[in-house]
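> This is my_file28.pdb, which holds PDB, C-alpha atoms:
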```pdb
ATOM      1  CA  MET U   1      96.183 105.479 125.761
ATOM      2  CA  THR U   2      95.054 102.256 124.111
ATOM      3  CA  ALA U   3      95.751  98.754 125.345
ATOM      4  CA  LEU U   4      98.059  98.300 122.343
ATOM      5  CA  HIS U   5     100.081 101.380 123.305
ATOM      6  CA  ARG U   6     100.293 100.210 126.919
ATOM      7  CA  LEU U   7     101.498  96.804 125.710
ATOM      8  CA  ALA U   8     104.106  98.425 123.439
ATOM      9  CA  ASP U   9     105.306 100.567 126.361
ATOM     10  CA  THR U  10     105.571  97.501 128.615
ATOM     11  CA  ILE U  11     107.569  95.639 125.967
ATOM     12  CA  ALA U  12     109.920  98.617 125.563
ATOM     13  CA  ALA U  13     110.386  98.777 129.334
ATOM     14  CA  ARG U  14     111.303  95.095 129.462
ATOM     15  CA  LYS U  15     114.126  95.411 126.936
ATOM     16  CA  GLY U  16     116.667  95.656 129.712
ATOM     17  CA  ALA U  17     114.889  93.432 132.232
ATOM     18  CA  ASP U  18     116.153  90.148 133.619
ATOM     19  CA  PRO U  19     115.348  87.322 131.165
ATOM     20  CA  ASP U  20     114.828  84.997 134.133
ATOM     21  CA  THR U  21     111.904  87.068 135.368
ATOM     22  CA  SER U  22     110.277  88.320 132.136
ATOM     23  CA  TRP U  23     109.094  86.345 129.102
ATOM     24  CA  THR U  24     109.422  89.504 127.001
ATOM     25  CA  ALA U  25     112.997  90.081 128.168
ATOM     26  CA  LYS U  26     113.771  86.418 127.474
ATOM     27  CA  LEU U  27     112.477  86.720 123.890
ATOM     28  CA  LEU U  28     114.346  89.973 123.287
ATOM     29  CA  ALA U  29     117.569  88.518 124.722
ATOM     30  CA  LYS U  30     117.411  85.763 122.109
ATOM     31  CA  GLY U  31     117.660  88.378 119.362
ATOM     32  CA  PRO U  32     115.548  89.689 116.507
ATOM     33  CA  GLU U  33     115.690  86.428 114.561
ATOM     34  CA  LYS U  34     114.123  84.431 117.407
ATOM     35  CA  CYS U  35     111.506  87.146 117.909
ATOM     36  CA  ALA U  36     110.651  86.931 114.205
ATOM     37  CA  GLU U  37     110.472  83.143 114.384
ATOM     38  CA  LYS U  38     108.075  83.302 117.334
ATOM     39  CA  PHE U  39     105.926  85.877 115.518
ATOM     40  CA  GLY U  40     105.753  83.512 112.541
ATOM     41  CA  GLU U  41     104.692  80.598 114.743
ATOM     42  CA  GLU U  42     101.931  82.641 116.342
ATOM     43  CA  SER U  43     100.770  83.885 112.937
ATOM     44  CA  VAL U  44     100.408  80.318 111.686
ATOM     45  CA  GLU U  45      98.407  79.414 114.793
ATOM     46  CA  ALA U  46      96.055  82.343 114.097
ATOM     47  CA  ILE U  47      95.672  81.221 110.485
ATOM     48  CA  ILE U  48      94.758  77.724 111.622
ATOM     49  CA  GLU U  49      92.084  79.061 113.971
ATOM     50  CA  ALA U  50      90.723  81.341 111.236
ATOM     51  CA  VAL U  51      90.361  78.351 108.923
ATOM     52  CA  LYS U  52      88.718  76.277 111.671
ATOM     53  CA  GLY U  53      86.247  79.073 112.377
ATOM     54  CA  ASP U  54      86.662  79.047 116.165
ATOM     55  CA  ARG U  55      86.033  82.698 117.017
ATOM     56  CA  ASP U  56      87.264  82.501 120.623
ATOM     57  CA  ARG U  57      90.477  80.662 119.690
ATOM     58  CA  LEU U  58      91.084  83.077 116.802
ATOM     59  CA  THR U  59      90.640  86.012 119.177
ATOM     60  CA  ALA U  60      93.183  84.530 121.601
ATOM     61  CA  GLU U  61      95.656  83.746 118.831
ATOM     62  CA  ALA U  62      95.222  87.229 117.336
ATOM     63  CA  ALA U  63      96.174  88.706 120.723
ATOM     64  CA  ASP U  64      99.285  86.498 120.697
ATOM     65  CA  VAL U  65     100.109  87.703 117.168
ATOM     66  CA  LEU U  66      99.840  91.354 118.190
ATOM     67  CA  TYR U  67     102.041  90.798 121.244
ATOM     68  CA  HIS U  68     104.711  88.947 119.264
ATOM     69  CA  LEU U  69     104.565  91.516 116.454
ATOM     70  CA  LEU U  70     105.306  94.251 118.980
ATOM     71  CA  VAL U  71     108.165  92.207 120.461
ATOM     72  CA  MET U  72     109.621  91.623 116.989
ATOM     73  CA  LEU U  73     109.359  95.336 116.198
ATOM     74  CA  ALA U  74     111.001  96.254 119.514
ATOM     75  CA  ALA U  75     113.854  93.875 118.749
ATOM     76  CA  ARG U  76     114.578  96.018 115.677
ATOM     77  CA  ASP U  77     113.840  99.359 117.389
ATOM     78  CA  VAL U  78     110.652  99.965 115.408
ATOM     79  CA  THR U  79     107.905 101.496 117.544
ATOM     80  CA  LEU U  80     104.151 101.109 117.333
ATOM     81  CA  ASP U  81     104.031 104.821 116.536
ATOM     82  CA  ASP U  82     106.366 104.220 113.574
ATOM     83  CA  VAL U  83     103.926 101.636 112.218
ATOM     84  CA  LEU U  84     100.900 103.829 112.909
ATOM     85  CA  ALA U  85     102.578 106.731 111.082
ATOM     86  CA  GLU U  86     103.100 104.477 108.059
ATOM     87  CA  LEU U  87      99.438 103.457 108.159
ATOM     88  CA  GLU U  88      98.428 107.123 108.328
ATOM     89  CA  ARG U  89     100.700 107.875 105.372
ATOM     90  CA  ARG U  90      98.899 105.187 103.372
ATOM     91  CA  GLU U  91      95.403 106.222 104.468
ATOM     92  CA  GLY U  92      93.203 107.188 101.565
ATOM     93  CA  THR U  93      95.474 105.475  99.038
ATOM     94  CA  SER U  94      94.128 102.567  97.058
ATOM     95  CA  GLY U  95      95.767  99.306  98.055
ATOM     96  CA  ILE U  96      96.400  98.627  94.374
ATOM     97  CA  ALA U  97      98.065 102.023  93.886
ATOM     98  CA  GLU U  98     100.111 101.661  97.063
ATOM     99  CA  LYS U  99     101.416  98.229  96.015
ATOM    100  CA  ALA U 100     102.270  99.544  92.532
ATOM    101  CA  SER U 101     104.373 102.342  94.068
ATOM    102  CA  ARG U 102     106.732  99.870  95.763
TER     103      ARG U 102
END
```
Please re-express this file's structure in structure tokens.

Amino acid sequence: MTALHRLADTIAARKGADPDTSWTAKLLAKGPEKCAEKFGEESVEAIIEAVKGDRDRLTAEAADVLYHLLVMLAARDVTLDDVLAELERREGTSGIAEKASR
């Protein structure tokens, strides 16, 4: 099991946890919109670090982005496996062709 799968499992397990004792539970308790907002904030921070060229800061911000993406997905009952299945479905398809099919 990958670290990303373990993180997704931990997030899923925290869905019903006490928001006073878990940051993940606190985010989820605020609803999908707040989870999406937080994901957006973290994404912008990663973009800023990418532009600056600070590899270590970008790495840290990318980890934050992945965590908040998984929280946002969990808030809407979308699993990491759902996303991975979609990526597998697209595998071998040109990005241009895939975009044109939407």
> Set the distance at 12 Å and use all atoms listed in the file: which residues neighbour Ala3 in chain U once local chain neighbours fewer than 4 positions away are removed? I'd like the list as a ChimeraX atom specification.
/U:7-10,63,66-67,80
> Residues as selected, C-alpha atoms, written as a compact mmCIF listing (two decimals), in the frame of the given file, can you do that?

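Okay, again_23.txt is ready:
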```txt
# COMPACT_ATOMS: atom_id res chain seq x y z
CA LEU U 7 101.50 96.80 125.71
CA ALA U 8 104.11 98.42 123.44
CA ASP U 9 105.31 100.57 126.36
CA THR U 10 105.57 97.50 128.62
CA ALA U 63 96.17 88.71 120.72
CA LEU U 66 99.84 91.35 118.19
CA TYR U 67 102.04 90.80 121.24
CA LEU U 80 104.15 101.11 117.33
```
> Which polymer residues have any atom within 8 Å of an atom of Ala46 in chain U, counting only C-alpha atoms, with same-chain residues fewer than 5 positions away left out, as a list in words?
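So the residues in contact are Leu58, Glu61, Ala62 and Val65 of chain U.
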> Excluding same-chain residues fewer than 4 positions from range 30-36 of chain U, what lies within 7 Å of it counting only C-alpha atoms, as a list in words?
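Near range 30-36 of chain U, the qualifying residues are Lys26, Gly40, Val71, Met72, Ala75 and Arg76 of chain U.
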> Name the residues in contact with Leu28 in chain U at a cut-off of 12 Å, using only C-alpha atoms, excluding same-chain residues fewer than 5 positions from it; report them as a ChimeraX atom specification.
/U:11-20,22-23,33-38,68,70-77
> What gap, in Å, lies between CA of Ser94 in chain U and CA of Leu4 in chain U?
25.9 Å
> If you measure from CA of Phe39 in chain U to CA of Ala25 in chain U, what distance in Å do you get, rounded to one decimal?
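Separating CA of Phe39 in chain U from CA of Ala25 in chain U is a distance of 15.1 Å.
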> Could you tell me which of U:Lys52, U:Glu86, U:Ser101, U:Leu69 comes closest to Leu27 in chain U if we count all atoms listed in the file?
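Once distances to Leu27 in chain U are computed over all atoms listed in the file, the minimum belongs to U:Leu69.
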> What does the distance from CA of Asp82 in chain U to CA of Glu45 in chain U come to in Å, to one decimal?
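Interatomic distance here is 26.1 Å.
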> My list of candidates is U:Arg6, U:Arg57, U:Ile48, U:Thr24. Which is closest to Asp81 in chain U when distances are computed with only C-alpha atoms?
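Closest to Asp81 in chain U, using only C-alpha atoms: U:Arg6.
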> Which is closest to Leu84 in chain U among U:Glu49, U:Asp54, U:Lys99, U:His5, if we use all atoms listed in the file?
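Among the listed residues, the smallest separation from Leu84 in chain U belongs to U:His5.
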